[in-house]
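K.L.:
Pasting a structure below so you can have a look.
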Amino acid sequence: MTQHPKKDEKTVYQKRVADLRRKLADRSGMHSYAAWIIQPENRRYLSGFKAEDTQINESSGSLLIDGTRCLMVTDPRYGLEAKTDAVDFEVHVLNGDFADGFTNLIVKTGTHVLGFEEEYVTFSLYRKLTEKLECLPSPVIFEAINGVVESMREVKDEVEIKAMEKTADLMSEVIDEVIPELKAGATEREVAWRIESTARDRGADGMAFPPIVASGPNSALPHAVPSDRKLKAGEPIIIDVGARLNGYCSDMTRTVFLGDPESEFRIIYHTVRQAQLEALKAIRPGVESNAPDKIARDFITDAGFGDYFIHSLGHGVGLATHEGPRLGPLKPVTLKKGMVVTVEPGIYIPEKGGVRLEEMVVIEEDGPRVLTRNNHFYDFS
């Protein structure tokens, strides 16, 4: 049975909307100002609406939030889902041309400034809406509000952390089941499908991203697509996977070998693992996000592989697989308690192969707590 909040008890979504209003309060004081939220994860974060249309012109719904009202705008395909999920929002189902219906809704709300997520609006829709909104008796001005909701999502609350613990546990269980079954002769594509089917059997909503299974020379490609290449003894096999459960993502990577690897890859593996462990020691509240990256990068560089660490150390995870903060050398931010990030150094030798190891951790008061199960590591010291 669904438990509804008491009359005076705010839902988690009402609290998030209130936080958004505070962040936007200096923009016209929220008088005649509305925030138009289109990005699917932001929409779910603020309203609980789960449906998603994965086309580039995503149209399952958007939110219109001003100083007093919360509106959920959708079409007839998703009307019932919107009313079920977004219980704190007035649901408006628009028939016919979206631009016409949305313009009429803007007029009714008295909006004069429309803050919108410009990175998630197609040029075609922006052009149509601009033409209509600028011709109104009281023209409506567009204003970009990129990253506002994303910054709110960076620090997870207790409910979110529990959700991420569950999806990390699920993915770890899948890896624990699949890795011992790996055999020479199986193809990368077969292993990827085995991982995905096992995750779904264990209750995952789906994969957070298409599984990466890359063996031999293919493992030198950080985002390799699984192919019909067969696994061979002694070669590195990178397995980078994540599940989605109740909307929240997991992300973890293991590099494994069938039999004994060549001495070069024993050294590379040891270097990557030690770089990861050193970086983990530096992750805690108050630390700048570029500091752990520098520690791992310096360690790998000192070992002679600096040119082969070609991506950032890690990234935030939540409703999206990749979100803020980023653990990299550019645009540092201060790490905070409640952030969930990956720690994934890697070394990639072109035409030979690579090693990447990735853990997902939640930042607590005294440092990181690893959410992904710490199995399937080698001691090549």
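Labels for the structure tokens follow display order: chains A, B, ..., residues from 1 in each chain, ligands from 1.
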Name the residues of range 107-355 of chain A that come out as helix (DSSP H, G or I) in a backbone DSSP run; write them as number ranges by chain.

P.N.:
A: 107-109, 118-120, 123-133, 148-153, 158-181, 188-201, 216-220, 263-282, 290-302, 306-308

K.L.:
When you look at Phe209 in chain A with a cut-off of 7 Å (counting only C-alpha atoms), what residues show up, excluding the ones that are within fewer than 2 positions of it in the same chain? I need them as a PDB file with N, CA, C and O atoms, in the first residue's frame.

P.N.:
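The resulting file, selection25.pdb, is shown below:
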ATOM      1  N   MET A 207      20.232  -1.741 -17.909  1.00  0.00           N
ATOM      2  CA  MET A 207      21.624  -1.371 -17.717  1.00  0.00           C
ATOM      3  C   MET A 207      21.749   0.146 -17.662  1.00  0.00           C
ATOM      4  O   MET A 207      21.017   0.877 -18.332  1.00  0.00           O
ATOM      5  N   PRO A 211      26.969  -2.608 -21.648  1.00  0.00           N
ATOM      6  CA  PRO A 211      28.170  -3.190 -21.043  1.00  0.00           C
ATOM      7  C   PRO A 211      29.374  -3.095 -21.980  1.00  0.00           C
ATOM      8  O   PRO A 211      29.255  -3.287 -23.195  1.00  0.00           O
ATOM      9  N   GLY A 242      27.295  -1.377 -15.456  1.00  0.00           N
ATOM     10  CA  GLY A 242      26.484  -0.686 -14.462  1.00  0.00           C
ATOM     11  C   GLY A 242      25.030  -1.050 -14.652  1.00  0.00           C
ATOM     12  O   GLY A 242      24.571  -1.236 -15.783  1.00  0.00           O
TER      13      GLY A 242
END

K.L.:
Using only C-alpha atoms, pick whichever of A:Ile237, A:Asn57, A:Asp201, A:Glu165 has the shortest atom-to-atom distance to Glu119 in chain A.

P.N.:
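Counting only C-alpha atoms, the residue closest to Glu119 in chain A is A:Asn57.
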
K.L.:
Need the shell around His112 in chain A: protein/DNA/RNA residues with any atom at most 10 Å away, counting only C-alpha atoms. Skip same-chain ones fewer than 5 positions apart. Format as an MDAnalysis selection string?

P.N.:
chainID A and resid 28 31:34 106:107 133 138:142

K.L.:
Determine, counting only C-alpha atoms, which protein, DNA and RNA residues have an atom within 9 Å of an atom of Val17 in chain A; residues of the same chain fewer than 6 positions away are not included. Present the result as a short mmCIF file (atom, residue, chain, number, x, y, z; two decimals) with C-alpha atoms, in the first residue's frame.

P.N.:
data_model
loop_
_atom_site.label_atom_id
_atom_site.label_comp_id
_atom_site.auth_asym_id
_atom_site.auth_seq_id
_atom_site.Cartn_x
_atom_site.Cartn_y
_atom_site.Cartn_z
CA LEU A 46 12.08 17.13 -8.88
CA SER A 47 8.80 15.34 -9.54
CA ILE A 65 7.79 25.67 -11.83
CA CYS A 70 4.26 23.22 -10.02
#

K.L.:
Of the candidates A:Lys156, A:Leu105, A:Gly338, A:Val256, which shows the shortest atom-to-atom distance to Val178 in chain A, using only C-alpha atoms?

P.N.:
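Of all the options, A:Val256 lies closest to Val178 in chain A.
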